[in-house]
$ cat model-v1.txt   # compact mmCIF, C-alpha atoms and all ligand atoms
# COMPACT_ATOMS: atom_id res chain seq x y z
CA MET W 996 -2.46 -6.16 -26.64
CA ARG W 997 0.00 -7.45 -24.07
CA ILE W 998 -0.16 -5.71 -20.73
CA LEU W 999 1.95 -5.94 -17.60
CA ILE W 1000 0.12 -5.19 -14.34
CA LEU W 1001 2.45 -4.23 -11.50
CA GLY W 1002 0.61 -5.46 -8.44
CA GLY W 1003 0.76 -6.30 -4.78
CA THR W 1004 -2.67 -4.76 -4.14
CA GLY W 1005 -6.31 -5.79 -4.14
CA ASP W 1006 -6.91 -3.39 -7.04
CA ALA W 1007 -4.26 -5.16 -9.13
CA ARG W 1008 -5.87 -8.54 -8.41
CA GLU W 1009 -9.31 -7.23 -9.34
CA LEU W 1010 -7.94 -5.70 -12.54
CA ALA W 1011 -6.21 -8.99 -13.49
CA SER W 1012 -9.45 -10.90 -13.10
CA ARG W 1013 -11.42 -8.28 -15.05
CA VAL W 1014 -9.03 -8.23 -18.02
CA ALA W 1015 -8.88 -12.05 -18.10
CA ASN W 1016 -12.35 -11.88 -19.68
CA ILE W 1017 -11.52 -9.27 -22.30
CA THR W 1018 -10.79 -10.61 -25.78
CA GLY W 1019 -7.74 -8.97 -27.28
CA ILE W 1020 -5.90 -8.46 -23.99
CA GLU W 1021 -3.24 -10.78 -22.70
CA ALA W 1022 -2.11 -9.84 -19.19
CA ILE W 1023 0.79 -10.71 -16.93
CA ALA W 1024 0.57 -9.67 -13.27
CA SER W 1025 3.79 -8.97 -11.41
CA LEU W 1026 4.38 -9.36 -7.66
CA ALA W 1027 7.45 -8.21 -5.77
CA GLY W 1028 7.63 -11.41 -3.74
CA ALA W 1029 7.57 -9.36 -0.55
CA THR W 1030 4.96 -11.44 1.31
CA ARG W 1031 5.45 -15.13 2.03
CA GLU W 1032 1.96 -16.27 1.06
CA PRO W 1033 0.53 -13.69 -1.34
CA ILE W 1034 -3.00 -13.94 -2.72
CA THR W 1035 -2.19 -14.73 -6.33
CA PRO W 1036 -3.94 -12.82 -9.13
CA THR W 1037 -5.88 -14.63 -11.87
CA GLY W 1038 -3.97 -15.59 -15.02
CA ASN W 1039 -0.25 -15.28 -15.77
CA VAL W 1040 1.80 -14.23 -12.77
CA ARG W 1041 5.50 -13.53 -12.36
CA VAL W 1042 7.19 -12.95 -8.99
CA GLY W 1043 10.29 -11.00 -7.90
CA GLY W 1044 12.06 -7.72 -8.62
CA PHE W 1045 13.16 -6.94 -12.17
CA GLY W 1046 16.55 -5.53 -11.21
CA GLY W 1047 15.91 -1.78 -11.30
CA VAL W 1048 14.94 0.30 -14.32
CA SER W 1049 17.27 -1.52 -16.72
CA GLY W 1050 15.89 -4.92 -15.63
CA LEU W 1051 12.34 -3.71 -16.17
CA VAL W 1052 13.27 -2.25 -19.58
CA ASN W 1053 14.67 -5.65 -20.61
CA TYR W 1054 11.59 -7.44 -19.31
CA LEU W 1055 9.23 -5.14 -21.23
CA ARG W 1056 11.20 -5.64 -24.45
CA GLU W 1057 11.70 -9.39 -24.11
CA ASN W 1058 8.03 -9.98 -23.35
CA GLN W 1059 6.81 -7.51 -25.99
CA ILE W 1060 4.68 -5.61 -23.52
CA ASP W 1061 2.52 -2.91 -25.14
CA VAL W 1062 1.08 -1.27 -22.03
CA LEU W 1063 2.27 -1.03 -18.44
CA ILE W 1064 -0.33 -0.64 -15.69
CA ASP W 1065 1.08 0.49 -12.37
CA ALA W 1066 -1.41 -0.80 -9.81
CA THR W 1067 1.07 -0.94 -6.93
CA HIS W 1068 0.42 0.40 -3.43
CA PRO W 1069 0.52 4.22 -3.09
CA PHE W 1070 3.53 3.86 -0.74
CA ALA W 1071 5.51 1.65 -3.14
CA ALA W 1072 7.29 4.72 -4.53
CA GLN W 1073 10.39 3.05 -5.96
CA ILE W 1074 8.63 0.66 -8.32
CA SER W 1075 6.32 3.46 -9.54
CA GLN W 1076 9.32 5.66 -10.40
CA ASN W 1077 11.02 2.69 -12.10
CA ALA W 1078 7.85 1.96 -14.07
CA ALA W 1079 7.61 5.54 -15.31
CA GLN W 1080 11.25 5.61 -16.43
CA ALA W 1081 11.19 2.17 -18.03
CA ALA W 1082 7.96 2.80 -19.96
CA GLN W 1083 9.39 6.05 -21.28
CA GLU W 1084 12.63 4.39 -22.31
CA VAL W 1085 10.84 1.57 -24.15
CA GLY W 1086 8.29 3.99 -25.63
CA ILE W 1087 5.12 2.29 -24.37
CA SER W 1088 2.05 3.70 -22.58
CA ARG W 1089 1.84 3.59 -18.81
CA LEU W 1090 -1.26 4.04 -16.69
CA LEU W 1091 -1.19 4.66 -12.94
CA LEU W 1092 -4.07 3.19 -10.95
CA ASN W 1093 -4.01 5.47 -7.93
CA ARG W 1094 -6.89 5.12 -5.51
CA PRO W 1095 -7.76 8.39 -3.76
CA PRO W 1096 -6.33 9.04 -0.29
CA TRP W 1097 -8.66 9.13 2.72
CA GLU W 1098 -9.96 12.61 3.53
CA LYS W 1099 -10.04 13.91 7.09
CA LEU W 1100 -13.60 14.45 8.37
CA PRO W 1101 -14.44 17.20 10.90
CA SER W 1102 -14.79 14.62 13.69
CA ASP W 1103 -11.38 13.04 12.95
CA ASP W 1104 -8.43 13.85 15.22
CA TRP W 1105 -5.54 13.54 12.77
CA ILE W 1106 -1.99 14.81 12.81
CA GLU W 1107 -0.70 14.61 9.23
CA VAL W 1108 3.02 14.06 8.73
CA ASP W 1109 5.30 13.65 5.72
CA ASP W 1110 7.00 10.37 6.65
CA HIS W 1111 7.81 7.80 9.33
CA ILE W 1112 10.54 9.89 10.90
CA ASN W 1113 8.09 12.73 11.49
CA ALA W 1114 5.46 10.30 12.75
CA ALA W 1115 7.94 9.12 15.40
CA LEU W 1116 8.70 12.75 16.35
CA VAL W 1117 5.01 13.47 16.86
CA LEU W 1118 4.53 10.38 19.02
CA GLU W 1119 7.20 11.52 21.46
CA ASN W 1120 4.90 14.29 22.68
CA HIS W 1121 1.49 12.78 22.16
CA ALA W 1122 1.32 9.08 22.83
CA GLN W 1123 1.77 6.28 25.35
CA ARG W 1124 0.07 3.27 23.78
CA VAL W 1125 0.25 3.17 20.00
CA PHE W 1126 -1.30 0.94 17.33
CA LEU W 1127 1.38 0.93 14.62
CA THR W 1128 -0.33 -0.18 11.40
CA ILE W 1129 2.33 0.55 8.80
CA GLY W 1130 3.43 -3.00 8.02
CA ARG W 1131 6.87 -4.31 8.90
CA GLN W 1132 9.18 -2.26 6.68
CA GLU W 1133 9.62 0.96 8.65
CA ILE W 1134 9.03 -0.17 12.25
CA SER W 1135 12.68 0.47 13.18
CA ALA W 1136 12.01 4.22 12.91
CA PHE W 1137 10.02 3.88 16.17
CA ALA W 1138 12.36 1.59 18.12
CA HIS W 1139 14.09 4.42 20.03
CA LEU W 1140 10.80 5.45 21.68
CA GLN W 1141 11.35 3.39 24.82
CA ASN W 1142 8.60 5.08 26.86
CA ILE W 1143 5.88 4.13 24.40
CA TRP W 1144 4.20 0.71 24.15
CA PHE W 1145 3.45 -0.41 20.56
CA LEU W 1146 0.95 -2.87 19.16
CA MET W 1147 2.42 -3.58 15.71
CA ARG W 1148 0.28 -5.20 13.01
CA MET W 1149 1.93 -6.83 10.02
CA ILE W 1150 1.54 -9.79 7.65
CA ASP W 1151 5.00 -11.38 7.92
CA PRO W 1152 7.68 -11.13 10.65
CA PRO W 1153 10.09 -8.18 10.59
CA LYS W 1154 13.25 -8.71 8.51
CA PRO W 1155 16.12 -10.21 10.55
CA GLY W 1156 18.19 -7.43 12.08
CA SER W 1157 15.28 -4.94 12.25
CA LEU W 1158 15.13 -2.88 15.44
CA ILE W 1159 11.79 -3.75 16.98
CA PRO W 1160 9.91 -1.22 19.14
CA ASN W 1161 8.85 -2.13 22.64
CA GLY W 1162 5.47 -3.95 22.58
CA LEU W 1163 3.57 -6.73 20.85
CA ILE W 1164 3.38 -7.92 17.22
CA LEU W 1165 0.01 -8.92 15.83
CA TYR W 1166 0.14 -10.98 12.60
CA ASP W 1167 -2.91 -10.34 10.45
CA LYS W 1168 -3.96 -9.43 6.95
CA GLY W 1169 -6.85 -7.17 5.87
CA PRO W 1170 -9.60 -6.51 5.12
CA PHE W 1171 -10.49 -5.62 8.71
CA ASN W 1172 -13.95 -4.80 10.01
CA LEU W 1173 -15.08 -2.04 12.33
CA GLU W 1174 -16.05 -4.24 15.29
CA GLN W 1175 -12.67 -6.05 15.21
CA GLU W 1176 -10.79 -2.76 15.06
CA LYS W 1177 -12.75 -1.20 17.93
CA GLU W 1178 -12.16 -4.29 20.03
CA ILE W 1179 -8.39 -4.05 19.48
CA LEU W 1180 -8.29 -0.35 20.34
CA ILE W 1181 -10.22 -0.92 23.55
CA GLN W 1182 -8.51 -4.18 24.58
CA TYR W 1183 -5.03 -2.68 24.33
CA SER W 1184 -6.00 0.80 25.66
CA ILE W 1185 -4.64 2.44 22.52
CA ASP W 1186 -4.43 6.24 22.57
CA THR W 1187 -2.90 6.80 19.11
CA ILE W 1188 -2.89 5.01 15.74
CA VAL W 1189 -0.10 5.45 13.20
CA SER W 1190 -1.32 4.81 9.67
CA LYS W 1191 -0.23 5.37 6.10
CA ASN W 1192 -2.84 7.22 4.05
CA SER W 1193 -3.41 4.14 1.90
CA GLY W 1194 -6.97 4.95 0.81
CA GLY W 1195 -9.48 2.25 -0.17
CA ASN W 1196 -11.81 0.21 2.00
CA ALA W 1197 -9.71 -2.76 3.16
CA THR W 1198 -7.98 -0.92 6.02
CA TYR W 1199 -10.30 2.06 6.53
CA ALA W 1200 -12.18 0.48 9.48
CA LYS W 1201 -9.43 1.48 11.94
CA ILE W 1202 -9.87 5.13 10.88
CA ILE W 1203 -13.62 4.93 11.51
CA ALA W 1204 -12.97 3.15 14.82
CA ALA W 1205 -10.56 5.93 15.88
CA ARG W 1206 -13.16 8.55 14.95
CA GLU W 1207 -15.90 6.84 16.95
CA LEU W 1208 -13.70 6.24 20.00
CA GLY W 1209 -12.04 9.69 19.93
CA ILE W 1210 -8.55 8.28 19.30
CA LYS W 1211 -5.80 10.30 17.65
CA VAL W 1212 -4.40 9.22 14.25
CA VAL W 1213 -0.93 10.13 13.08
CA MET W 1214 -1.51 9.95 9.33
CA ILE W 1215 1.49 9.57 7.05
CA LYS W 1216 1.00 11.41 3.76
CA ARG W 1217 1.69 9.70 0.46
CA PRO W 1218 4.93 10.04 -1.43
CA PRO W 1219 4.65 11.86 -4.77
CA VAL W 1220 3.71 9.86 -7.88
CA PRO W 1221 5.29 10.21 -11.32
CA MET W 1222 3.46 12.45 -13.79
CA GLY W 1223 1.33 10.78 -16.42
CA GLU W 1224 -2.02 9.23 -17.17
CA GLU W 1225 -3.89 8.24 -14.03
CA VAL W 1226 -7.20 6.63 -13.03
CA ALA W 1227 -8.69 6.30 -9.55
CA ASP W 1228 -10.13 2.79 -9.69
CA VAL W 1229 -10.28 -0.56 -11.47
CA GLU W 1230 -13.32 0.53 -13.48
CA GLY W 1231 -11.33 3.49 -14.81
CA ALA W 1232 -8.43 1.24 -15.79
CA VAL W 1233 -10.74 -1.20 -17.61
CA SER W 1234 -12.38 1.66 -19.57
CA TRP W 1235 -8.96 3.07 -20.43
CA LEU W 1236 -7.85 -0.33 -21.76
CA LEU W 1237 -11.07 -0.90 -23.73
CA GLU W 1238 -10.62 2.47 -25.40
CA ARG W 1239 -7.09 1.48 -26.42
CA ILE W 1240 -8.20 -1.76 -28.06
CA GLY W 1241 -10.99 0.10 -29.83
CA ASN W 1242 -14.04 -1.31 -27.96
P1 LIG A 1 9.05 -0.35 -3.53
O1 LIG A 1 9.88 0.15 -2.40
O2 LIG A 1 8.41 0.64 -4.43
O3 LIG A 1 9.88 -1.35 -4.45
C1 LIG A 1 11.08 -1.96 -4.03
C2 LIG A 1 11.49 -2.93 -5.10
O4 LIG A 1 10.65 -4.07 -5.08
C3 LIG A 1 11.38 -2.40 -6.51
O5 LIG A 1 12.50 -1.60 -6.85
C4 LIG A 1 11.28 -3.68 -7.31
O6 LIG A 1 12.54 -4.33 -7.40
C5 LIG A 1 10.43 -4.55 -6.40
N1 LIG A 1 8.99 -4.45 -6.70
C6 LIG A 1 8.05 -3.71 -6.08
N2 LIG A 1 6.84 -3.96 -6.58
C7 LIG A 1 7.01 -4.90 -7.54
C8 LIG A 1 6.12 -5.58 -8.41
N3 LIG A 1 4.79 -5.38 -8.37
N4 LIG A 1 6.65 -6.49 -9.26
C9 LIG A 1 8.00 -6.73 -9.29
N5 LIG A 1 8.87 -6.12 -8.50
C10 LIG A 1 8.39 -5.21 -7.63
O7 LIG A 1 7.90 -1.31 -2.99
P2 LIG A 1 7.54 -1.76 -1.48
O8 LIG A 1 7.00 -0.59 -0.76
O9 LIG A 1 8.69 -2.55 -0.95
O10 LIG A 1 6.32 -2.74 -1.79
C11 LIG A 1 6.57 -4.02 -2.36
C12 LIG A 1 5.26 -4.52 -2.94
O11 LIG A 1 4.28 -4.62 -1.92
C13 LIG A 1 4.69 -3.60 -4.02
O12 LIG A 1 4.39 -4.38 -5.14
C14 LIG A 1 3.44 -3.01 -3.41
O13 LIG A 1 2.39 -2.89 -4.34
C15 LIG A 1 3.10 -3.97 -2.29
N6 LIG A 1 2.58 -3.28 -1.10
C16 LIG A 1 3.30 -2.28 -0.53
C17 LIG A 1 2.80 -1.62 0.58
C18 LIG A 1 3.55 -0.48 1.22
O14 LIG A 1 3.04 0.08 2.19
N7 LIG A 1 4.73 -0.10 0.74
C19 LIG A 1 1.56 -1.99 1.11
C20 LIG A 1 0.85 -3.02 0.50
C21 LIG A 1 1.37 -3.66 -0.60
P3 LIG A 1 13.50 -4.16 -8.67
O15 LIG A 1 14.07 -2.79 -8.57
O16 LIG A 1 14.49 -5.26 -8.50
O17 LIG A 1 12.64 -4.32 -9.88
$ encode --input "model-v1.txt" --output "structure tokens"
Amino acid sequence: MRILILGGTGDARELASRVANITGIEAIASLAGATREPITPTGNVRVGGFGGVSGLVNYLRENQIDVLIDATHPFAAQISQNAAQAAQEVGISRLLLNRPPWEKLPSDDWIEVDDHINAALVLENHAQRVFLTIGRQEISAFAHLQNIWFLMRMIDPPKPGSLIPNGLILYDKGPFNLEQEKEILIQYSIDTIVSKNSGGNATYAKIIAARELGIKVVMIKRPPVPMGEEVADVEGAVSWLLERIGN
């Protein structure tokens, strides 16, 4: 069985290394090419966009892919929609590996919003010193907030031409630990964190740190995912695949 794993996440990397040891499965992992020095998954890897739904359809046909596993980030909505459409068009199975979102605990001070635009609206009334932990793609949505100071964490520099909010950029890549995150919040006198509800452990420490220090979190809700078969973790994806090859 030939499978294509759409990646860019730790879960996709873990899945690629798990299936590398399964007889009867040949996997190719796909990366968007968005980060300059990605951590490469085990086994066959391809890099770069496919060219929309039609490009992905061609790729699936040319490479005789039997199963498409969408293990992309919960906020990578475009590629997930493309994957759903392309798999349907080619007539192959698609599985979504969708880790659960973080749940708000009673001691959390969260304001949940639908998107970046609404996150920026909320900040106008609530914040002065913000830890913006949404990566580099949507930072321009906050650039008009001239009275707020931002600490912006990202892996690679903002794209040329991006409007950059007032503040400081911190280049770093997860996983992050609780002590580090607390130190940052205290050192920069942060009063509010803006976060995507990514789920998983790699970036959850900042949410715990906010809880323990009584700091507000503006939590951006996930975009909708396409309908279809879904598992919550790598283990679930491996079991699903083993069932398909009759193990
Ligand atoms: P996106 O908006 O859903 O996708 C934009 C375009 O990038 C897609 O239309 C596709 O180009 C290409 N693409 C995305 N993922 C790909 C993959 N795994 N393999 C080949 N092409 C891919 O995605 P995004 O939000 O820019 O994220 C880009 C990548 O970074 C994703 O793979 C995602 O898993 C990872 N990531 C995203 C976030 C986030 O917060 N968005 C966080 C961590 C990691 P074509 O249309 O040309 O095929």
$ closest_residue --input "model-v1.txt" --among "W:Asp1103, W:Glu1133, W:Glu1009, W:Glu1119" --to "ligand LIG 1 (chain A)" --atoms "only C-alpha atoms and all ligand atoms"
W:Glu1133
$ residues_around --input "model-v1.txt" --residues "W:Ala1011" --least-positions-apart "3" --cutoff "7 Å" --atoms "only C-alpha atoms" --output "ChimeraX atom specification"
/W:1007-1008,1014-1015,1024,1036-1037
$ closest_residue --input "model-v1.txt" --among "W:Phe1126, W:Gly1050, W:Asp1110, W:Lys1201" --to "W:Ser1184" --atoms "only C-alpha atoms"
W:Phe1126
$ closest_atom_pairs --input "model-v1.txt" --of "stretch 1073-1186 of chain W" --to "stretch 1040-1046 of chain W" --cutoff "12 Å" --atoms "all atoms listed in the file" --output "tab-separated table"
residue	atom	partner	partner_atom	distance
W:Gln1073	CA	W:Gly1044	CA	11.2
W:Ile1074	CA	W:Gly1044	CA	9.1
W:Asn1077	CA	W:Phe1045	CA	9.9
W:Ala1078	CA	W:Phe1045	CA	10.5
W:Ala1081	CA	W:Phe1045	CA	11.0
$ residues_near_ligand --input "model-v1.txt" --ligand "ligand LIG 1 (chain A)" --cutoff "6 Å" --atoms "only C-alpha atoms and all ligand atoms" --output "list of chain:residue names"
W:Leu1001, W:Gly1002, W:Gly1003, W:Thr1004, W:Ser1025, W:Leu1026, W:Ala1027, W:Ala1029, W:Gly1043, W:Gly1044, W:Phe1045, W:Gly1046, W:Gly1047, W:Thr1067, W:His1068, W:Phe1070, W:Ala1071, W:Ala1072, W:Gln1073, W:Ile1074
$ residues_around --input "model-v1.txt" --residues "stretch 1135-1147 of chain W" --least-positions-apart "6" --cutoff "12 Å" --atoms "only C-alpha atoms" --output "compact mmCIF listing (two decimals) with C-alpha atoms, in the coordinates of the input"
# COMPACT_ATOMS: atom_id res chain seq x y z
CA ASP W 1110 7.00 10.37 6.65
CA HIS W 1111 7.81 7.80 9.33
CA ILE W 1112 10.54 9.89 10.90
CA ASN W 1113 8.09 12.73 11.49
CA ALA W 1114 5.46 10.30 12.75
CA ALA W 1115 7.94 9.12 15.40
CA LEU W 1116 8.70 12.75 16.35
CA VAL W 1117 5.01 13.47 16.86
CA LEU W 1118 4.53 10.38 19.02
CA GLU W 1119 7.20 11.52 21.46
CA ASN W 1120 4.90 14.29 22.68
CA HIS W 1121 1.49 12.78 22.16
CA ALA W 1122 1.32 9.08 22.83
CA GLN W 1123 1.77 6.28 25.35
CA ARG W 1124 0.07 3.27 23.78
CA VAL W 1125 0.25 3.17 20.00
CA PHE W 1126 -1.30 0.94 17.33
CA LEU W 1127 1.38 0.93 14.62
CA THR W 1128 -0.33 -0.18 11.40
CA ILE W 1129 2.33 0.55 8.80
CA PRO W 1153 10.09 -8.18 10.59
CA LYS W 1154 13.25 -8.71 8.51
CA PRO W 1155 16.12 -10.21 10.55
CA GLY W 1156 18.19 -7.43 12.08
CA SER W 1157 15.28 -4.94 12.25
CA LEU W 1158 15.13 -2.88 15.44
CA ILE W 1159 11.79 -3.75 16.98
CA PRO W 1160 9.91 -1.22 19.14
CA ASN W 1161 8.85 -2.13 22.64
CA GLY W 1162 5.47 -3.95 22.58
CA LEU W 1163 3.57 -6.73 20.85
CA ILE W 1164 3.38 -7.92 17.22
CA LEU W 1165 0.01 -8.92 15.83
CA TYR W 1166 0.14 -10.98 12.60
CA ASP W 1167 -2.91 -10.34 10.45
CA ILE W 1179 -8.39 -4.05 19.48
CA LEU W 1180 -8.29 -0.35 20.34
CA GLN W 1182 -8.51 -4.18 24.58
CA TYR W 1183 -5.03 -2.68 24.33
CA SER W 1184 -6.00 0.80 25.66
CA ILE W 1185 -4.64 2.44 22.52
CA ASP W 1186 -4.43 6.24 22.57
CA THR W 1187 -2.90 6.80 19.11
CA ILE W 1188 -2.89 5.01 15.74
CA VAL W 1189 -0.10 5.45 13.20
CA SER W 1190 -1.32 4.81 9.67
$ closest_residue --input "model-v1.txt" --among "W:Glu1225, W:Glu1238, W:Asp1061, W:Glu1032" --to "W:Val1085" --atoms "only C-alpha atoms"
W:Asp1061
$ atom_distance --input "model-v1.txt" --atom1 "atom CA of W:Ile1202" --atom2 "atom CA of W:Asp1065"
26.1 Å
$ atom_distance --input "model-v1.txt" --atom1 "atom CA of W:Ala1232" --atom2 "atom CA of W:Ala1066"
9.4 Å
$ residues_around --input "model-v1.txt" --residues "W:Ile1020" --least-positions-apart "2" --cutoff "8 Å" --atoms "only C-alpha atoms" --output "PyMOL selection string"
chain W and resi 996-998+1014-1015+1017-1018+1022
$ write_last_selection --input "model-v1.txt" --atoms "C-alpha atoms" --output "PDB file, in the frame of the given file"
ATOM      1  CA  MET W 996      -2.460  -6.160 -26.640  1.00  0.00           C
ATOM      2  CA  ARG W 997       0.000  -7.450 -24.070  1.00  0.00           C
ATOM      3  CA  ILE W 998      -0.160  -5.710 -20.730  1.00  0.00           C
ATOM      4  CA  VAL W1014      -9.030  -8.230 -18.020  1.00  0.00           C
ATOM      5  CA  ALA W1015      -8.880 -12.050 -18.100  1.00  0.00           C
ATOM      6  CA  ILE W1017     -11.520  -9.270 -22.300  1.00  0.00           C
ATOM      7  CA  THR W1018     -10.790 -10.610 -25.780  1.00  0.00           C
ATOM      8  CA  ALA W1022      -2.110  -9.840 -19.190  1.00  0.00           C
TER       9      ALA W1022
END
$ atom_distance --input "model-v1.txt" --atom1 "atom CA of W:Ser1234" --atom2 "atom CA of W:Glu1084"
25.3 Å
$ closest_residue --input "model-v1.txt" --among "W:Leu1092, W:Ile1150, W:Val1048, W:Val1062" --to "W:Glu1230" --atoms "only C-alpha atoms"
W:Leu1092
$ closest_residue --input "model-v1.txt" --among "W:Gly1005, W:Ser1075, W:Thr1030, W:Glu1057" --to "W:Pro1152" --atoms "all atoms listed in the file"
W:Thr1030
$ closest_residue --input "model-v1.txt" --among "W:Gly1019, W:Pro1069, W:Gly1231, W:Gly1223" --to "W:Ser1088" --atoms "all atoms listed in the file"
W:Gly1223
$ axis_aligned_box --input "model-v1.txt" --around "stretch 1024-1036 of chain W" --padding-each-side "6 Å" --output "AutoDock Vina command-line options"
--center_x 1.8 --center_y -12.2 --center_z -5.6 --size_x 23.6 --size_y 20.1 --size_z 27.3
$ build_atoms --input "model-v1.txt" --residues "stretch 1028-1035 of chain W" --atoms "all heavy atoms" --output "PDB file, in the coordinates of the input"
ATOM      1  N   GLY W1028       7.150 -10.272  -4.517  1.00  0.00           N
ATOM      2  CA  GLY W1028       7.630 -11.410  -3.740  1.00  0.00           C
ATOM      3  C   GLY W1028       7.915 -11.005  -2.308  1.00  0.00           C
ATOM      4  O   GLY W1028       8.675 -11.677  -1.605  1.00  0.00           O
ATOM      5  N   ALA W1029       7.298  -9.902  -1.882  1.00  0.00           N
ATOM      6  CA  ALA W1029       7.570  -9.360  -0.550  1.00  0.00           C
ATOM      7  C   ALA W1029       6.859 -10.143   0.558  1.00  0.00           C
ATOM      8  O   ALA W1029       7.391 -10.270   1.655  1.00  0.00           O
ATOM      9  CB  ALA W1029       7.167  -7.888  -0.499  1.00  0.00           C
ATOM     10  N   THR W1030       5.671 -10.675   0.278  1.00  0.00           N
ATOM     11  CA  THR W1030       4.960 -11.440   1.310  1.00  0.00           C
ATOM     12  C   THR W1030       5.123 -12.937   1.048  1.00  0.00           C
ATOM     13  O   THR W1030       5.206 -13.371  -0.097  1.00  0.00           O
ATOM     14  CB  THR W1030       3.446 -11.102   1.353  1.00  0.00           C
ATOM     15  OG1 THR W1030       2.962 -11.047   0.031  1.00  0.00           O
ATOM     16  CG2 THR W1030       3.164  -9.804   2.040  1.00  0.00           C
ATOM     17  N   ARG W1031       5.139 -13.696   2.154  1.00  0.00           N
ATOM     18  CA  ARG W1031       5.450 -15.130   2.030  1.00  0.00           C
ATOM     19  C   ARG W1031       4.337 -15.925   1.351  1.00  0.00           C
ATOM     20  O   ARG W1031       4.579 -16.831   0.597  1.00  0.00           O
ATOM     21  CB  ARG W1031       5.735 -15.707   3.427  1.00  0.00           C
ATOM     22  CG  ARG W1031       7.050 -15.194   3.990  1.00  0.00           C
ATOM     23  CD  ARG W1031       7.589 -16.108   5.043  1.00  0.00           C
ATOM     24  NE  ARG W1031       6.701 -16.183   6.196  1.00  0.00           N
ATOM     25  CZ  ARG W1031       7.108 -16.440   7.436  1.00  0.00           C
ATOM     26  NH1 ARG W1031       8.394 -16.638   7.669  1.00  0.00           N
ATOM     27  NH2 ARG W1031       6.259 -16.505   8.421  1.00  0.00           N
ATOM     28  N   GLU W1032       3.083 -15.553   1.673  1.00  0.00           N
ATOM     29  CA  GLU W1032       1.960 -16.270   1.060  1.00  0.00           C
ATOM     30  C   GLU W1032       1.002 -15.278   0.421  1.00  0.00           C
ATOM     31  O   GLU W1032      -0.073 -15.004   0.969  1.00  0.00           O
ATOM     32  CB  GLU W1032       1.232 -17.101   2.117  1.00  0.00           C
ATOM     33  CG  GLU W1032       2.044 -18.286   2.587  1.00  0.00           C
ATOM     34  CD  GLU W1032       1.424 -18.965   3.790  1.00  0.00           C
ATOM     35  OE1 GLU W1032       0.218 -18.803   4.044  1.00  0.00           O
ATOM     36  OE2 GLU W1032       2.175 -19.666   4.488  1.00  0.00           O
ATOM     37  N   PRO W1033       1.389 -14.704  -0.721  1.00  0.00           N
ATOM     38  CA  PRO W1033       0.530 -13.690  -1.340  1.00  0.00           C
ATOM     39  C   PRO W1033      -0.754 -14.308  -1.907  1.00  0.00           C
ATOM     40  O   PRO W1033      -0.772 -15.500  -2.224  1.00  0.00           O
ATOM     41  CB  PRO W1033       1.403 -13.135  -2.477  1.00  0.00           C
ATOM     42  CG  PRO W1033       2.355 -14.229  -2.799  1.00  0.00           C
ATOM     43  CD  PRO W1033       2.577 -15.006  -1.534  1.00  0.00           C
ATOM     44  N   ILE W1034      -1.792 -13.485  -2.012  1.00  0.00           N
ATOM     45  CA  ILE W1034      -3.000 -13.940  -2.720  1.00  0.00           C
ATOM     46  C   ILE W1034      -2.681 -13.729  -4.192  1.00  0.00           C
ATOM     47  O   ILE W1034      -2.407 -12.602  -4.623  1.00  0.00           O
ATOM     48  CB  ILE W1034      -4.241 -13.117  -2.306  1.00  0.00           C
ATOM     49  CG1 ILE W1034      -4.357 -13.065  -0.776  1.00  0.00           C
ATOM     50  CG2 ILE W1034      -5.502 -13.684  -2.931  1.00  0.00           C
ATOM     51  CD1 ILE W1034      -5.382 -12.057  -0.269  1.00  0.00           C
ATOM     52  N   THR W1035      -2.664 -14.817  -4.947  1.00  0.00           N
ATOM     53  CA  THR W1035      -2.190 -14.730  -6.330  1.00  0.00           C
ATOM     54  C   THR W1035      -3.287 -14.220  -7.263  1.00  0.00           C
ATOM     55  O   THR W1035      -4.422 -14.695  -7.192  1.00  0.00           O
ATOM     56  CB  THR W1035      -1.731 -16.126  -6.804  1.00  0.00           C
ATOM     57  OG1 THR W1035      -0.986 -16.709  -5.753  1.00  0.00           O
ATOM     58  CG2 THR W1035      -0.844 -16.031  -8.026  1.00  0.00           C
TER      59      THR W1035
END
